[in-house]
Amino acid sequence: MQTIWLSGAEWLAVLRIGLGLWWLESWRHKDKKGWFERGTGIAWAADVAGRHRWGVVRTGFRRVVEPRPKAMAYLVVYAELALGLGLVTGFLTPVPLVAGLLLNLLYLVLMIHDWAEQGQNAMMALISLVALFAMAWQTWSLDSALGLFP
């Protein structure tokens with residue numbers, strides 16, 4: 001593989017780190033007080049799910065998320081932080097790549113009718129997939145330094 005300026009593995013690390021920074025920005029800009037104290041994030045998602053044209057989304061949200069809004073708020077917010085930190089540091093990289101891919105696919109399905117969000121979720125999912133199959137933890141990562149996932 002020929003590349004300019006960096007090696008292929010280094011460009012993949014740039015992609016991985018950029019994805020991690022994207023997750024960290026998703027975490028940073030959230031109104032945590034609103035999410036944790038007033039339940040704004042889950043209330044918004046409940047409204048979207050309640051109007052969703054796919055019954056499986058409405059039913060799944062009612063069964064899984066609505067009974068435990070506070071726990072789900074913490075799960076979503078801190079999952080984004082964990083994904084970002086795992087990808088930026090390159091620690092146990094396949095785990096945040098798979099988890100991020102799944103979270104983006106969940107967001108994509110929930111907000112299937114909100115085209116403003118779909119580009120972001122689709123691109124983040126694609127980057128996760130490329131970084132996973134190209135093993136983007138081979139350089140500039142704790143995984144590489146620790147000899148994990150050779």
# chains A, B, ... in the order shown; residues from 1 in each chain; ligands from 1
>>> residues_around(residues="A:Leu110", least_positions_apart="4", cutoff="12 Å", atoms="only C-alpha atoms", output="MDAnalysis selection string")
chainID A and resid 44:61 103:106 114:115 117:118 121
>>> closest_atom_pairs(of="stretch 63-93 of chain A", to="stretch 8-28 of chain A", cutoff="12 Å", atoms="only C-alpha atoms", output="tab-separated table")
residue	atom	partner	partner_atom	distance
A:Ala73	CA	A:Trp27	CA	11.8
A:Tyr74	CA	A:Trp27	CA	11.2
A:Leu75	CA	A:Trp27	CA	11.6
A:Val76	CA	A:Trp27	CA	9.0
A:Val77	CA	A:Trp27	CA	6.1
A:Tyr78	CA	A:Trp27	CA	7.6
A:Ala79	CA	A:Trp27	CA	8.6
A:Glu80	CA	A:Trp23	CA	5.5
A:Leu81	CA	A:Leu24	CA	5.6
A:Ala82	CA	A:Leu24	CA	8.4
A:Leu83	CA	A:Trp23	CA	6.4
A:Gly84	CA	A:Gly20	CA	4.0
A:Leu85	CA	A:Gly20	CA	6.5
A:Gly86	CA	A:Gly20	CA	7.3
A:Leu87	CA	A:Gly20	CA	4.7
A:Val88	CA	A:Ile17	CA	4.5
A:Thr89	CA	A:Ile17	CA	7.6
A:Gly90	CA	A:Ile17	CA	7.8
A:Phe91	CA	A:Ile17	CA	11.2
A:Thr93	CA	A:Arg16	CA	8.9
>>> write_last_selection(atoms="N, CA, C and O atoms", output="mmCIF file, in the first residue's frame")
data_model
loop_
_atom_site.group_PDB
_atom_site.id
_atom_site.type_symbol
_atom_site.label_atom_id
_atom_site.label_comp_id
_atom_site.auth_asym_id
_atom_site.auth_seq_id
_atom_site.Cartn_x
_atom_site.Cartn_y
_atom_site.Cartn_z
ATOM 1 N N ALA A 73 -30.114 6.817 30.779
ATOM 2 C CA ALA A 73 -29.442 8.103 30.567
ATOM 3 C C ALA A 73 -27.960 7.982 30.911
ATOM 4 O O ALA A 73 -27.093 8.404 30.139
ATOM 5 N N TYR A 74 -27.668 7.395 32.055
ATOM 6 C CA TYR A 74 -26.272 7.201 32.451
ATOM 7 C C TYR A 74 -25.557 6.269 31.475
ATOM 8 O O TYR A 74 -24.405 6.511 31.111
ATOM 9 N N LEU A 75 -26.225 5.216 31.047
ATOM 10 C CA LEU A 75 -25.632 4.269 30.110
ATOM 11 C C LEU A 75 -25.241 4.949 28.800
ATOM 12 O O LEU A 75 -24.117 4.787 28.314
ATOM 13 N N VAL A 76 -26.146 5.725 28.233
ATOM 14 C CA VAL A 76 -25.868 6.393 26.955
ATOM 15 C C VAL A 76 -24.737 7.406 27.106
ATOM 16 O O VAL A 76 -23.773 7.407 26.334
ATOM 17 N N VAL A 77 -24.838 8.268 28.106
ATOM 18 C CA VAL A 77 -23.851 9.336 28.272
ATOM 19 C C VAL A 77 -22.456 8.767 28.541
ATOM 20 O O VAL A 77 -21.477 9.163 27.905
ATOM 21 N N TYR A 78 -22.370 7.814 29.470
ATOM 22 C CA TYR A 78 -21.050 7.284 29.799
ATOM 23 C C TYR A 78 -20.542 6.268 28.786
ATOM 24 O O TYR A 78 -19.329 6.057 28.684
ATOM 25 N N ALA A 79 -21.433 5.671 28.005
ATOM 26 C CA ALA A 79 -20.986 4.816 26.901
ATOM 27 C C ALA A 79 -20.245 5.673 25.876
ATOM 28 O O ALA A 79 -19.199 5.266 25.355
ATOM 29 N N GLU A 80 -20.774 6.856 25.577
ATOM 30 C CA GLU A 80 -20.105 7.740 24.627
ATOM 31 C C GLU A 80 -18.730 8.160 25.132
ATOM 32 O O GLU A 80 -17.769 8.202 24.367
ATOM 33 N N LEU A 81 -18.626 8.438 26.426
ATOM 34 C CA LEU A 81 -17.327 8.782 27.012
ATOM 35 C C LEU A 81 -16.365 7.594 26.921
ATOM 36 O O LEU A 81 -15.213 7.755 26.500
ATOM 37 N N ALA A 82 -16.829 6.418 27.297
ATOM 38 C CA ALA A 82 -15.974 5.228 27.258
ATOM 39 C C ALA A 82 -15.521 4.898 25.832
ATOM 40 O O ALA A 82 -14.358 4.547 25.612
ATOM 41 N N LEU A 83 -16.435 5.018 24.882
ATOM 42 C CA LEU A 83 -16.069 4.776 23.484
ATOM 43 C C LEU A 83 -14.974 5.737 23.048
ATOM 44 O O LEU A 83 -13.982 5.332 22.428
ATOM 45 N N GLY A 84 -15.158 7.007 23.358
ATOM 46 C CA GLY A 84 -14.164 8.009 22.975
ATOM 47 C C GLY A 84 -12.808 7.742 23.591
ATOM 48 O O GLY A 84 -11.778 7.758 22.895
ATOM 49 N N LEU A 85 -12.785 7.467 24.879
ATOM 50 C CA LEU A 85 -11.511 7.221 25.554
ATOM 51 C C LEU A 85 -10.838 5.947 25.030
ATOM 52 O O LEU A 85 -9.620 5.931 24.817
ATOM 53 N N GLY A 86 -11.628 4.898 24.822
ATOM 54 C CA GLY A 86 -11.070 3.649 24.311
ATOM 55 C C GLY A 86 -10.462 3.808 22.928
ATOM 56 O O GLY A 86 -9.401 3.251 22.636
ATOM 57 N N LEU A 87 -11.117 4.573 22.079
ATOM 58 C CA LEU A 87 -10.624 4.750 20.706
ATOM 59 C C LEU A 87 -9.438 5.704 20.637
ATOM 60 O O LEU A 87 -8.486 5.463 19.898
ATOM 61 N N VAL A 88 -9.479 6.775 21.397
ATOM 62 C CA VAL A 88 -8.367 7.729 21.373
ATOM 63 C C VAL A 88 -7.095 7.084 21.922
ATOM 64 O O VAL A 88 -6.014 7.234 21.344
ATOM 65 N N THR A 89 -7.220 6.345 23.018
ATOM 66 C CA THR A 89 -6.043 5.706 23.609
ATOM 67 C C THR A 89 -5.688 4.399 22.921
ATOM 68 O O THR A 89 -4.576 3.906 23.075
ATOM 69 N N GLY A 90 -6.637 3.834 22.175
ATOM 70 C CA GLY A 90 -6.401 2.552 21.532
ATOM 71 C C GLY A 90 -6.327 1.423 22.540
ATOM 72 O O GLY A 90 -5.519 0.512 22.417
ATOM 73 N N PHE A 91 -7.182 1.467 23.556
ATOM 74 C CA PHE A 91 -7.190 0.432 24.590
ATOM 75 C C PHE A 91 -8.372 -0.507 24.380
ATOM 76 O O PHE A 91 -9.512 -0.066 24.357
ATOM 77 N N THR A 93 -9.245 -1.855 21.721
ATOM 78 C CA THR A 93 -9.855 -1.182 20.579
ATOM 79 C C THR A 93 -10.991 -1.934 19.894
ATOM 80 O O THR A 93 -12.002 -1.309 19.546
#
>>> select_by_dssp(residues="chain A", states="helix (DSSP H, G or I)", output="ChimeraX atom specification")
/A:8-28,32-38,40-50,55-65,69-89,94-110,115-133,142-146
>>> closest_residue(among="A:Leu97, A:Gln138, A:Leu146, A:Val109", to="A:Ala125", atoms="only C-alpha atoms")
A:Leu97
>>> atom_distance(atom1="atom CA of A:Leu148", atom2="atom CA of A:Ser128")
18.6 Å
>>> atom_distance(atom1="atom CA of A:Lys70", atom2="atom CA of A:His29")
18.7 Å
>>> closest_residue(among="A:Ile42, A:Ser141, A:Leu132, A:Val64", to="A:Ala99", atoms="only C-alpha atoms")
A:Leu132
>>> closest_residue(among="A:Tyr107, A:Leu92, A:Ile4, A:Met124", to="A:Leu142", atoms="only C-alpha atoms")
A:Leu92
>>> residues_around(residues="A:Pro150", least_positions_apart="6", cutoff="10 Å", atoms="only C-alpha atoms", output="number ranges by chain")
A: 135, 137-138, 143-144
>>> residues_around(residues="A:Ala43", least_positions_apart="6", cutoff="9 Å", atoms="only C-alpha atoms", output="ChimeraX atom specification")
/A:35,66,69
